[in-house]
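Following: one structure in C-alpha cells, then a few remarks.
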Amino acid sequence: MNAPTDISPQDGLALEAIMAFWADAGVETAYDDAPVDRLAVPVPPRPAPSRPTAPVALAKAGAADPAVAVAEARALAAACADLGALAAAIAIFDGCPLKGMGARQAVFSRGRPDAPLMIIGEGPGAEEDTLGQPFVGRSGRLLDRMLAAAGLADQVFISNTVFWRPPGNRTPGPDEQRVCAPFVERAFALVRPRAVLLLGAAAARSVLRVEEGVMKLRGHWHHWRLPESAIEAPVMTTLHPAFLLRQPQAKGAVWADLLEVAARLDAAP
C-alpha cells in the first residue's frame, strides 16, 4: 500500500508509524483498494435467537413446589410428639432449598423444652452451622449476656425461622421461611411458652405475618395464635443481637424490651 503524496511530513510520520504497528500486528493486506463507508452499507438483519424451550421446561419441572414442601413439612411436624422427634424430622426434611446451598447440618434449637420464653431469630450463621445450635456465635454470646442480666438466662427456648444457614449469612427469603414455618409452629405448640421474643425484622414478618419494620414493631406487644389449636402467647419484637454488634448504641432499646418481657413473665400466672 502506497502512502498519499499530499500530506504533511508530520502526518506522513504518523501514517508510517500506524502502518508499522499494523505490520507488527500481522496486518499485511487490505480487503479493498478503496476505503468503504461501512455506515452506509445496509446491514442484514440478525436471525432471531432460538428459544431453549426444552431446557427451561425441564428446569421448571424439576424445581421444588413450595406448596408441596409446606404440606410435607406440616405432615412431618404434626406427627412429632416431642422436641426430639421434631429435631429428627427437620434433619430429614428436604423441602427447604437452603439445605442444598452448602449448609453442613440442620440447626434447630437450644434451651429448656418447657421454657416460659421462646426466642426466635432469623437463621443460623457460620458458627451455628458448625456447632449445630442456634445463637452460639458473637451475637448469641451477646444475647446470652443480656438474658442473664435480665434474669432470663435459664428461662428460654431458642430457635430460628429457618434451620439451615443461608449462603453468605444473608437474610432468609419468605419462601424459605414459609416451608420451615410448620416446624416453628410445632415447636411453639410443644414448648407452650408464656411469651415469645422475636429477634429482627425477618423473624417478626415470618411469625406475625406483618410488613412493618422492626423499629415500628419493637416495644409493643402483639399476639401469636395457632389457627388449628388454642395455643397462643403474647409476642414482643426487638432488635437482632447482630445489629447491636454494629450499632451498640441501640442496646438500651433491647434492654428495655427484655425488661418488659421479664415483667410480663413475672406477672403471668
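Residue numbering restarts at 1 in every chain; chains get A, B, ... in the order shown in the C-alpha cells, and ligands count up from 1 in that same order.
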- [ ] Write out as an MDAnalysis selection string each polymer residue whose atoms come within 12 Å of segment 78-94 of chain A, counting only C-alpha atoms; drop sequence neighbours fewer than 6 positions from it.
- [x] chainID A and resid 64:66 68:72 100:101 103:114 132:133 157 159 162:164 176 179:192 228:229
- [ ] Just the strand (DSSP E or B) stuff from segment 90-213 of chain A, please, per backbone DSSP, written as a ChimeraX atom specification.
- [x] /A:110-111,117-121,156-160,195-199
Selection to disk with C-alpha atoms, as a compact mmCIF listing (two decimals), in the first residue's frame:
```
# COMPACT_ATOMS: atom_id res chain seq x y z
CA ARG A 110 -31.19 -24.98 72.40
CA GLY A 111 -32.60 -24.26 75.84
CA LEU A 117 -39.96 -17.71 76.96
CA MET A 118 -39.48 -18.82 73.37
CA ILE A 119 -36.94 -16.79 71.34
CA ILE A 120 -36.99 -16.94 67.55
CA GLY A 121 -34.28 -15.46 65.36
CA VAL A 156 -35.58 -19.65 77.32
CA PHE A 157 -36.02 -21.98 74.37
CA ILE A 158 -34.19 -20.59 71.32
CA SER A 159 -34.77 -21.38 67.65
CA ASN A 160 -34.94 -19.68 64.23
CA ALA A 195 -44.30 -15.28 75.92
CA VAL A 196 -42.34 -15.12 72.66
CA LEU A 197 -39.45 -12.82 71.77
CA LEU A 198 -38.73 -12.26 68.07
CA LEU A 199 -35.25 -11.09 67.09
```
